[in-house]
$ cat data15.txt   # compact mmCIF, N, CA and C atoms
# COMPACT_ATOMS: atom_id res chain seq x y z
N MET A 1 0.83 -1.19 0.00
CA MET A 1 0.00 0.00 0.00
C MET A 1 0.87 1.25 0.00
N SER A 2 2.00 1.20 0.67
CA SER A 2 2.88 2.37 0.70
C SER A 2 3.37 2.72 -0.71
N GLU A 3 3.56 1.72 -1.54
CA GLU A 3 3.98 1.97 -2.93
C GLU A 3 2.86 2.70 -3.69
N ILE A 4 1.63 2.31 -3.48
CA ILE A 4 0.49 2.98 -4.13
C ILE A 4 0.41 4.43 -3.68
N VAL A 5 0.54 4.67 -2.39
CA VAL A 5 0.48 6.04 -1.88
C VAL A 5 1.63 6.86 -2.44
N ARG A 6 2.80 6.28 -2.53
CA ARG A 6 3.96 7.00 -3.08
C ARG A 6 3.72 7.38 -4.54
N LEU A 7 3.13 6.47 -5.32
CA LEU A 7 2.90 6.75 -6.73
C LEU A 7 1.79 7.77 -6.97
N VAL A 8 0.83 7.84 -6.07
CA VAL A 8 -0.30 8.75 -6.25
C VAL A 8 -0.01 10.14 -5.69
N THR A 9 0.93 10.24 -4.77
CA THR A 9 1.23 11.52 -4.12
C THR A 9 1.80 12.51 -5.13
N PHE A 10 1.28 13.74 -5.08
CA PHE A 10 1.78 14.80 -5.95
C PHE A 10 3.11 15.32 -5.43
N LYS A 11 4.02 15.59 -6.32
CA LYS A 11 5.31 16.17 -5.93
C LYS A 11 5.11 17.63 -5.52
N SER A 12 4.37 18.34 -6.34
CA SER A 12 4.06 19.74 -6.02
C SER A 12 2.58 19.95 -6.34
N PHE A 13 1.88 20.48 -5.38
CA PHE A 13 0.45 20.71 -5.54
C PHE A 13 0.16 22.17 -5.28
N ALA A 14 -0.43 22.84 -6.25
CA ALA A 14 -0.79 24.25 -6.11
C ALA A 14 -2.31 24.36 -6.26
N PRO A 15 -3.02 24.59 -5.16
CA PRO A 15 -4.48 24.68 -5.25
C PRO A 15 -4.96 25.79 -6.18
N SER A 16 -4.14 26.80 -6.39
CA SER A 16 -4.56 27.90 -7.27
C SER A 16 -4.67 27.45 -8.73
N LYS A 17 -4.09 26.30 -9.08
CA LYS A 17 -4.21 25.78 -10.44
C LYS A 17 -5.60 25.21 -10.72
N TYR A 18 -6.34 24.92 -9.68
CA TYR A 18 -7.64 24.27 -9.82
C TYR A 18 -8.74 25.24 -9.43
N PRO A 19 -9.39 25.86 -10.41
CA PRO A 19 -10.45 26.82 -10.09
C PRO A 19 -11.69 26.13 -9.53
N ASN A 20 -12.44 26.87 -8.75
CA ASN A 20 -13.68 26.36 -8.16
C ASN A 20 -14.68 26.09 -9.29
N PRO A 21 -15.07 24.83 -9.51
CA PRO A 21 -15.96 24.51 -10.64
C PRO A 21 -17.33 25.17 -10.54
N ALA A 22 -17.87 25.29 -9.34
CA ALA A 22 -19.19 25.91 -9.19
C ALA A 22 -19.12 27.39 -9.53
N LEU A 23 -18.07 28.04 -9.10
CA LEU A 23 -17.90 29.46 -9.36
C LEU A 23 -17.65 29.70 -10.85
N GLN A 24 -16.83 28.86 -11.47
CA GLN A 24 -16.57 28.99 -12.90
C GLN A 24 -17.84 28.77 -13.72
N TRP A 25 -18.67 27.83 -13.31
CA TRP A 25 -19.95 27.59 -13.99
C TRP A 25 -20.85 28.81 -13.85
N HIS A 26 -20.88 29.41 -12.68
CA HIS A 26 -21.68 30.61 -12.45
C HIS A 26 -21.22 31.73 -13.38
N TYR A 27 -19.91 31.94 -13.46
CA TYR A 27 -19.37 32.98 -14.33
C TYR A 27 -19.69 32.70 -15.80
N ARG A 28 -19.62 31.45 -16.21
CA ARG A 28 -19.90 31.08 -17.59
C ARG A 28 -21.36 31.36 -17.94
N ILE A 29 -22.27 31.08 -17.00
CA ILE A 29 -23.70 31.36 -17.23
C ILE A 29 -23.92 32.87 -17.32
N LEU A 30 -23.31 33.62 -16.40
CA LEU A 30 -23.46 35.08 -16.44
C LEU A 30 -22.94 35.66 -17.75
N GLN A 31 -21.81 35.15 -18.21
CA GLN A 31 -21.25 35.62 -19.47
C GLN A 31 -22.19 35.32 -20.63
N ALA A 32 -22.76 34.12 -20.66
CA ALA A 32 -23.67 33.74 -21.73
C ALA A 32 -24.92 34.62 -21.72
N ILE A 33 -25.43 34.93 -20.54
CA ILE A 33 -26.62 35.78 -20.45
C ILE A 33 -26.29 37.21 -20.88
N ALA A 34 -25.15 37.73 -20.42
CA ALA A 34 -24.77 39.11 -20.73
C ALA A 34 -24.49 39.30 -22.22
N LEU A 35 -23.88 38.33 -22.85
CA LEU A 35 -23.54 38.44 -24.26
C LEU A 35 -24.60 37.83 -25.17
N GLU A 36 -25.70 37.42 -24.57
CA GLU A 36 -26.83 36.81 -25.28
C GLU A 36 -26.37 35.63 -26.14
N GLU A 37 -25.54 34.81 -25.56
CA GLU A 37 -25.07 33.60 -26.21
C GLU A 37 -25.93 32.42 -25.75
N GLU A 38 -25.72 31.30 -26.40
CA GLU A 38 -26.42 30.08 -26.00
C GLU A 38 -25.85 29.60 -24.67
N LEU A 39 -26.73 29.15 -23.77
CA LEU A 39 -26.29 28.68 -22.46
C LEU A 39 -25.53 27.36 -22.61
N PRO A 40 -24.41 27.23 -21.92
CA PRO A 40 -23.64 25.98 -22.00
C PRO A 40 -24.41 24.83 -21.35
N GLN A 41 -24.21 23.63 -21.86
CA GLN A 41 -24.91 22.46 -21.35
C GLN A 41 -24.15 21.75 -20.24
N LYS A 42 -22.83 21.80 -20.30
CA LYS A 42 -22.03 21.03 -19.35
C LYS A 42 -20.92 21.92 -18.80
N ALA A 43 -20.69 21.80 -17.50
CA ALA A 43 -19.63 22.56 -16.86
C ALA A 43 -18.30 21.85 -17.05
N GLU A 44 -17.24 22.62 -17.23
CA GLU A 44 -15.90 22.06 -17.31
C GLU A 44 -15.33 22.03 -15.91
N ASP A 45 -14.98 20.83 -15.45
CA ASP A 45 -14.50 20.67 -14.09
C ASP A 45 -13.07 20.13 -14.12
N LYS A 46 -12.13 21.00 -13.78
CA LYS A 46 -10.71 20.60 -13.80
C LYS A 46 -10.30 19.87 -12.54
N THR A 47 -11.23 19.70 -11.59
CA THR A 47 -10.90 18.98 -10.36
C THR A 47 -11.17 17.49 -10.45
N ILE A 48 -11.79 17.04 -11.53
CA ILE A 48 -12.06 15.60 -11.70
C ILE A 48 -10.74 14.88 -11.94
N PRO A 49 -10.48 13.82 -11.20
CA PRO A 49 -9.20 13.11 -11.36
C PRO A 49 -9.05 12.52 -12.75
N LYS A 50 -7.81 12.42 -13.20
CA LYS A 50 -7.50 11.79 -14.48
C LYS A 50 -7.29 10.31 -14.22
N TYR A 51 -8.40 9.55 -14.35
CA TYR A 51 -8.38 8.14 -13.99
C TYR A 51 -7.42 7.33 -14.86
N SER A 52 -7.28 7.70 -16.13
CA SER A 52 -6.37 6.95 -16.99
C SER A 52 -4.93 7.10 -16.51
N LEU A 53 -4.58 8.28 -15.99
CA LEU A 53 -3.24 8.49 -15.45
C LEU A 53 -3.03 7.66 -14.18
N PHE A 54 -4.06 7.61 -13.32
CA PHE A 54 -3.96 6.78 -12.12
C PHE A 54 -3.81 5.30 -12.50
N HIS A 55 -4.59 4.87 -13.47
CA HIS A 55 -4.52 3.47 -13.90
C HIS A 55 -3.13 3.15 -14.45
N LYS A 56 -2.58 4.10 -15.20
CA LYS A 56 -1.26 3.91 -15.79
C LYS A 56 -0.19 3.83 -14.69
N ARG A 57 -0.33 4.68 -13.66
CA ARG A 57 0.68 4.73 -12.60
C ARG A 57 0.57 3.55 -11.62
N ILE A 58 -0.65 3.24 -11.18
CA ILE A 58 -0.79 2.27 -10.08
C ILE A 58 -1.63 1.05 -10.43
N GLY A 59 -1.89 0.82 -11.71
CA GLY A 59 -2.76 -0.29 -12.11
C GLY A 59 -2.35 -1.64 -11.54
N ASN A 60 -1.08 -2.03 -11.75
CA ASN A 60 -0.61 -3.34 -11.29
C ASN A 60 -0.57 -3.41 -9.77
N GLU A 61 -0.09 -2.35 -9.12
CA GLU A 61 -0.02 -2.35 -7.66
C GLU A 61 -1.41 -2.42 -7.03
N ALA A 62 -2.37 -1.74 -7.64
CA ALA A 62 -3.74 -1.77 -7.11
C ALA A 62 -4.34 -3.17 -7.24
N ARG A 63 -4.08 -3.84 -8.37
CA ARG A 63 -4.58 -5.21 -8.52
C ARG A 63 -3.96 -6.15 -7.49
N LYS A 64 -2.66 -6.01 -7.26
CA LYS A 64 -1.98 -6.85 -6.26
C LYS A 64 -2.57 -6.60 -4.87
N TRP A 65 -2.78 -5.34 -4.55
CA TRP A 65 -3.34 -4.98 -3.24
C TRP A 65 -4.76 -5.55 -3.11
N GLY A 66 -5.55 -5.49 -4.18
CA GLY A 66 -6.90 -6.05 -4.16
C GLY A 66 -6.89 -7.55 -3.93
N GLU A 67 -5.95 -8.24 -4.56
CA GLU A 67 -5.83 -9.69 -4.36
C GLU A 67 -5.45 -10.01 -2.92
N ILE A 68 -4.55 -9.24 -2.35
CA ILE A 68 -4.15 -9.45 -0.95
C ILE A 68 -5.36 -9.26 -0.04
N LEU A 69 -6.15 -8.21 -0.28
CA LEU A 69 -7.34 -7.97 0.55
C LEU A 69 -8.38 -9.06 0.39
N ASN A 70 -8.60 -9.51 -0.85
CA ASN A 70 -9.58 -10.58 -1.07
C ASN A 70 -9.16 -11.88 -0.41
N ASN A 71 -7.88 -12.16 -0.40
CA ASN A 71 -7.40 -13.38 0.25
C ASN A 71 -7.48 -13.29 1.77
N ALA A 72 -7.28 -12.10 2.31
CA ALA A 72 -7.29 -11.93 3.76
C ALA A 72 -8.71 -11.71 4.31
N ALA A 73 -9.61 -11.18 3.52
CA ALA A 73 -10.94 -10.81 4.01
C ALA A 73 -11.82 -11.97 4.44
N PRO A 74 -11.89 -13.10 3.74
CA PRO A 74 -12.81 -14.15 4.17
C PRO A 74 -12.53 -14.67 5.58
N ALA A 75 -11.28 -14.69 6.01
CA ALA A 75 -10.97 -15.19 7.35
C ALA A 75 -11.47 -14.24 8.42
N GLY A 76 -11.42 -12.95 8.17
CA GLY A 76 -11.82 -11.98 9.18
C GLY A 76 -13.19 -11.38 8.95
N ARG A 77 -13.86 -11.79 7.90
CA ARG A 77 -15.17 -11.21 7.56
C ARG A 77 -16.24 -11.74 8.51
N VAL A 78 -17.05 -10.85 9.00
CA VAL A 78 -18.14 -11.22 9.90
C VAL A 78 -19.43 -11.30 9.09
N GLN A 79 -20.09 -12.42 9.18
CA GLN A 79 -21.36 -12.58 8.49
C GLN A 79 -22.45 -11.91 9.32
N SER A 80 -23.15 -10.99 8.72
CA SER A 80 -24.20 -10.30 9.46
C SER A 80 -25.54 -10.56 8.78
N SER A 81 -26.55 -10.61 9.58
CA SER A 81 -27.89 -10.81 9.07
C SER A 81 -28.71 -9.57 9.37
N SER A 82 -29.55 -9.19 8.45
CA SER A 82 -30.35 -7.98 8.65
C SER A 82 -31.49 -8.21 9.63
N SER A 83 -31.74 -9.48 10.02
CA SER A 83 -32.84 -9.76 10.93
C SER A 83 -32.47 -9.55 12.39
N HIS A 84 -31.18 -9.42 12.69
CA HIS A 84 -30.77 -9.22 14.08
C HIS A 84 -30.98 -7.78 14.49
N LYS A 85 -31.48 -7.61 15.69
CA LYS A 85 -31.66 -6.27 16.22
C LYS A 85 -30.49 -5.96 17.13
N ARG A 86 -30.23 -4.69 17.27
CA ARG A 86 -29.15 -4.25 18.15
C ARG A 86 -29.54 -4.55 19.58
N ARG A 87 -28.62 -5.09 20.32
CA ARG A 87 -28.90 -5.43 21.71
C ARG A 87 -28.43 -4.32 22.62
N ALA A 88 -29.25 -4.03 23.61
CA ALA A 88 -28.89 -3.02 24.59
C ALA A 88 -28.23 -3.69 25.78
N VAL A 89 -27.23 -3.06 26.33
CA VAL A 89 -26.52 -3.61 27.48
C VAL A 89 -26.85 -2.76 28.69
N SER A 90 -27.35 -3.42 29.74
CA SER A 90 -27.63 -2.70 30.98
C SER A 90 -27.16 -3.56 32.14
N ASN A 91 -26.29 -3.04 32.97
CA ASN A 91 -25.73 -3.74 34.12
C ASN A 91 -25.02 -5.04 33.71
N GLY A 92 -24.44 -5.04 32.52
CA GLY A 92 -23.71 -6.22 32.08
C GLY A 92 -24.60 -7.29 31.48
N ASP A 93 -25.92 -7.16 31.58
CA ASP A 93 -26.83 -8.15 31.01
C ASP A 93 -27.28 -7.67 29.64
N GLU A 94 -27.36 -8.61 28.72
CA GLU A 94 -27.86 -8.25 27.40
C GLU A 94 -29.35 -8.51 27.34
N THR A 95 -30.07 -7.58 26.80
CA THR A 95 -31.52 -7.74 26.63
C THR A 95 -31.82 -7.71 25.15
N GLU A 96 -32.94 -8.25 24.78
CA GLU A 96 -33.30 -8.33 23.37
C GLU A 96 -33.52 -6.95 22.76
N GLU A 97 -34.34 -6.13 23.39
CA GLU A 97 -34.63 -4.81 22.86
C GLU A 97 -34.63 -3.80 23.97
N ARG A 98 -34.33 -2.60 23.63
CA ARG A 98 -34.38 -1.51 24.58
C ARG A 98 -35.85 -1.12 24.76
N PRO A 99 -36.32 -1.01 26.00
CA PRO A 99 -37.73 -0.66 26.19
C PRO A 99 -38.02 0.74 25.68
N LYS A 100 -39.19 0.88 25.08
CA LYS A 100 -39.60 2.18 24.56
C LYS A 100 -40.20 3.00 25.68
N VAL A 101 -39.79 4.22 25.76
CA VAL A 101 -40.25 5.11 26.82
C VAL A 101 -41.13 6.17 26.19
N LYS A 102 -42.33 6.31 26.74
CA LYS A 102 -43.21 7.36 26.26
C LYS A 102 -42.86 8.65 26.98
N ARG A 103 -42.76 9.69 26.23
CA ARG A 103 -42.46 10.98 26.82
C ARG A 103 -43.74 11.80 26.85
N GLU A 104 -43.95 12.41 27.99
CA GLU A 104 -45.14 13.23 28.14
C GLU A 104 -44.84 14.63 27.66
N LYS A 105 -45.80 15.21 26.96
CA LYS A 105 -45.65 16.57 26.51
C LYS A 105 -46.11 17.51 27.61
N LYS A 106 -45.25 18.46 27.91
CA LYS A 106 -45.61 19.44 28.92
C LYS A 106 -46.37 20.58 28.26
N GLU A 107 -47.41 21.01 28.94
CA GLU A 107 -48.18 22.12 28.41
C GLU A 107 -47.48 23.43 28.74
N VAL A 108 -47.42 24.28 27.77
CA VAL A 108 -46.80 25.58 27.96
C VAL A 108 -47.93 26.58 28.15
N THR A 109 -47.90 27.23 29.30
CA THR A 109 -48.94 28.22 29.58
C THR A 109 -48.38 29.61 29.32
N LYS A 110 -49.21 30.42 28.78
CA LYS A 110 -48.81 31.78 28.47
C LYS A 110 -48.91 32.62 29.75
N ALA A 111 -47.85 33.34 30.04
CA ALA A 111 -47.83 34.16 31.25
C ALA A 111 -48.67 35.41 31.03
N SER A 112 -49.42 35.77 32.05
CA SER A 112 -50.24 36.97 31.94
C SER A 112 -49.35 38.19 32.16
N SER A 113 -49.81 39.33 31.68
CA SER A 113 -49.03 40.56 31.82
C SER A 113 -48.91 40.96 33.29
N ASP A 114 -49.93 40.63 34.13
CA ASP A 114 -49.85 40.94 35.56
C ASP A 114 -48.72 40.15 36.22
N LYS A 115 -48.58 38.88 35.83
CA LYS A 115 -47.54 38.03 36.41
C LYS A 115 -46.16 38.54 35.98
N ILE A 116 -46.02 38.94 34.74
CA ILE A 116 -44.75 39.45 34.25
C ILE A 116 -44.38 40.73 34.97
N GLU A 117 -45.37 41.61 35.16
CA GLU A 117 -45.10 42.87 35.86
C GLU A 117 -44.67 42.61 37.30
N SER A 118 -45.33 41.67 37.97
CA SER A 118 -44.96 41.39 39.36
C SER A 118 -43.56 40.78 39.44
N LEU A 119 -43.20 39.91 38.51
CA LEU A 119 -41.85 39.35 38.49
C LEU A 119 -40.81 40.43 38.22
N TYR A 120 -41.16 41.39 37.37
CA TYR A 120 -40.23 42.47 37.06
C TYR A 120 -40.01 43.35 38.27
N GLU A 121 -41.09 43.63 38.99
CA GLU A 121 -40.98 44.47 40.19
C GLU A 121 -40.15 43.78 41.28
N GLN A 122 -40.22 42.45 41.33
CA GLN A 122 -39.45 41.70 42.33
C GLN A 122 -37.98 41.57 41.91
N GLY A 123 -37.69 41.93 40.68
CA GLY A 123 -36.31 41.81 40.19
C GLY A 123 -35.98 40.41 39.71
N ALA A 124 -37.01 39.61 39.44
CA ALA A 124 -36.78 38.24 39.00
C ALA A 124 -36.55 38.15 37.49
N LEU A 125 -36.83 39.23 36.76
CA LEU A 125 -36.61 39.24 35.32
C LEU A 125 -35.42 40.12 35.00
N MET A 126 -34.67 39.70 33.99
CA MET A 126 -33.54 40.51 33.56
C MET A 126 -33.97 41.36 32.38
N THR A 127 -33.45 42.55 32.29
CA THR A 127 -33.74 43.39 31.15
C THR A 127 -32.61 43.25 30.16
N VAL A 128 -32.95 43.27 28.91
CA VAL A 128 -31.96 43.14 27.85
C VAL A 128 -31.85 44.49 27.17
N CYS A 129 -30.66 45.02 27.12
CA CYS A 129 -30.45 46.34 26.49
C CYS A 129 -29.71 46.19 25.21
$ encode --input "data15.txt" --output "structure tokens"
Amino acid sequence: MSEIVRLVTFKSFAPSKYPNPALQWHYRILQAIALEEELPQKAEDKTIPKYSLFHKRIGNEARKWGEILNNAAPAGRVQSSSSHKRRAVSNGDETEERPKVKREKKEVTKASSDKIESLYEQGALMTVC
């Protein structure tokens, strides 16, 4: 894997070489509208990787790494079934399902202006300036 990383790593990377594709698309649309040209159909995105170059550089190493993973995976692969539910652990004991708890909705009562005034006079309310 270290060989793959070494081959894919850029020697010099300048982010300024890669313009923001969304911003460039926006500018291209504005230009087309301002000059009354036909609207472009597809955005040019210079940030899309050059897959053929990656394949050329690391093709053989990637295949070897894939074979190593495929050979190692069956021994450590865990077979999972979608019918199993997650078990909750409480006090070290495993239970089948976590009990569902109903939550009660609290009623919110609107405070009367008399109550607010009395709280203000007592200094229980803060003023915001």
$ residues_around --input "data15.txt" --residues "Pro40 (chain A)" --least-positions-apart "4" --cutoff "8 Å" --atoms "only N, CA and C atoms" --output "list of chain:residue names"
A:Arg28, A:Ile29, A:Ala32, A:Ile33
$ atom_distance --input "data15.txt" --atom1 "atom C of Ile48 (chain A)" --atom2 "atom C of Pro19 (chain A)"
11.5 Å
$ residues_near_point --input "data15.txt" --point "(-12.9, 19.5, -15.4)" --cutoff "12 Å" --atoms "only C-alpha atoms" --output "ChimeraX atom specification"
/A:17-22,24-25,42-50
$ atom_distance --input "data15.txt" --atom1 "CA of Arg57 (chain A)" --atom2 "CA of Leu7 (chain A)"
6.6 Å
$ closest_residue --input "data15.txt" --among "A:Ile4, A:Leu125, A:Ala14, A:Leu23" --to "Ala62 (chain A)" --atoms "only N, CA and C atoms"
A:Ile4
$ atom_distance --input "data15.txt" --atom1 "atom C of Met1 (chain A)" --atom2 "atom C of Leu69 (chain A)"
13.9 Å
$ select_by_dssp --input "data15.txt" --residues "region 16-66 of chain A" --states "helix (DSSP H, G or I)" --output "JSON, numbers by chain"
{"A": [16, 17, 21, 22, 23, 24, 25, 26, 27, 28, 29, 30, 31, 32, 33, 34, 51, 52, 53, 54, 55, 56, 57, 58, 59, 60, 61, 62, 63, 64, 65, 66]}
$ closest_residue --input "data15.txt" --among "A:Leu39, A:Tyr120, A:Ala111, A:Lys106" --to "His26 (chain A)" --atoms "only C-alpha atoms"
A:Leu39
$ decode --input "data15.txt" --residues "region 20-81 of chain A" --atoms "C-alpha atoms" --output "short mmCIF file (atom, residue, chain, number, x, y, z; two decimals), in the first residue's frame"
data_model
loop_
_atom_site.label_atom_id
_atom_site.label_comp_id
_atom_site.auth_asym_id
_atom_site.auth_seq_id
_atom_site.Cartn_x
_atom_site.Cartn_y
_atom_site.Cartn_z
CA ASN A 20 -13.68 26.36 -8.16
CA PRO A 21 -15.96 24.51 -10.64
CA ALA A 22 -19.19 25.91 -9.19
CA LEU A 23 -17.90 29.46 -9.36
CA GLN A 24 -16.57 28.99 -12.90
CA TRP A 25 -19.95 27.59 -13.99
CA HIS A 26 -21.68 30.61 -12.45
CA TYR A 27 -19.37 32.98 -14.33
CA ARG A 28 -19.90 31.08 -17.59
CA ILE A 29 -23.70 31.36 -17.23
CA LEU A 30 -23.46 35.08 -16.44
CA GLN A 31 -21.25 35.62 -19.47
CA ALA A 32 -23.67 33.74 -21.73
CA ILE A 33 -26.62 35.78 -20.45
CA ALA A 34 -24.77 39.11 -20.73
CA LEU A 35 -23.54 38.44 -24.26
CA GLU A 36 -26.83 36.81 -25.28
CA GLU A 37 -25.07 33.60 -26.21
CA GLU A 38 -26.42 30.08 -26.00
CA LEU A 39 -26.29 28.68 -22.46
CA PRO A 40 -23.64 25.98 -22.00
CA GLN A 41 -24.91 22.46 -21.35
CA LYS A 42 -22.03 21.03 -19.35
CA ALA A 43 -19.63 22.56 -16.86
CA GLU A 44 -15.90 22.06 -17.31
CA ASP A 45 -14.50 20.67 -14.09
CA LYS A 46 -10.71 20.60 -13.80
CA THR A 47 -10.90 18.98 -10.36
CA ILE A 48 -12.06 15.60 -11.70
CA PRO A 49 -9.20 13.11 -11.36
CA LYS A 50 -7.50 11.79 -14.48
CA TYR A 51 -8.38 8.14 -13.99
CA SER A 52 -6.37 6.95 -16.99
CA LEU A 53 -3.24 8.49 -15.45
CA PHE A 54 -3.96 6.78 -12.12
CA HIS A 55 -4.52 3.47 -13.90
CA LYS A 56 -1.26 3.91 -15.79
CA ARG A 57 0.68 4.73 -12.60
CA ILE A 58 -0.79 2.27 -10.08
CA GLY A 59 -2.76 -0.29 -12.11
CA ASN A 60 -0.61 -3.34 -11.29
CA GLU A 61 -0.02 -2.35 -7.66
CA ALA A 62 -3.74 -1.77 -7.11
CA ARG A 63 -4.58 -5.21 -8.52
CA LYS A 64 -1.98 -6.85 -6.26
CA TRP A 65 -3.34 -4.98 -3.24
CA GLY A 66 -6.90 -6.05 -4.16
CA GLU A 67 -5.83 -9.69 -4.36
CA ILE A 68 -4.15 -9.45 -0.95
CA LEU A 69 -7.34 -7.97 0.55
CA ASN A 70 -9.58 -10.58 -1.07
CA ASN A 71 -7.40 -13.38 0.25
CA ALA A 72 -7.29 -11.93 3.76
CA ALA A 73 -10.94 -10.81 4.01
CA PRO A 74 -12.81 -14.15 4.17
CA ALA A 75 -10.97 -15.19 7.35
CA GLY A 76 -11.82 -11.98 9.18
CA ARG A 77 -15.17 -11.21 7.56
CA VAL A 78 -18.14 -11.22 9.90
CA GLN A 79 -21.36 -12.58 8.49
CA SER A 80 -24.20 -10.30 9.46
CA SER A 81 -27.89 -10.81 9.07
#
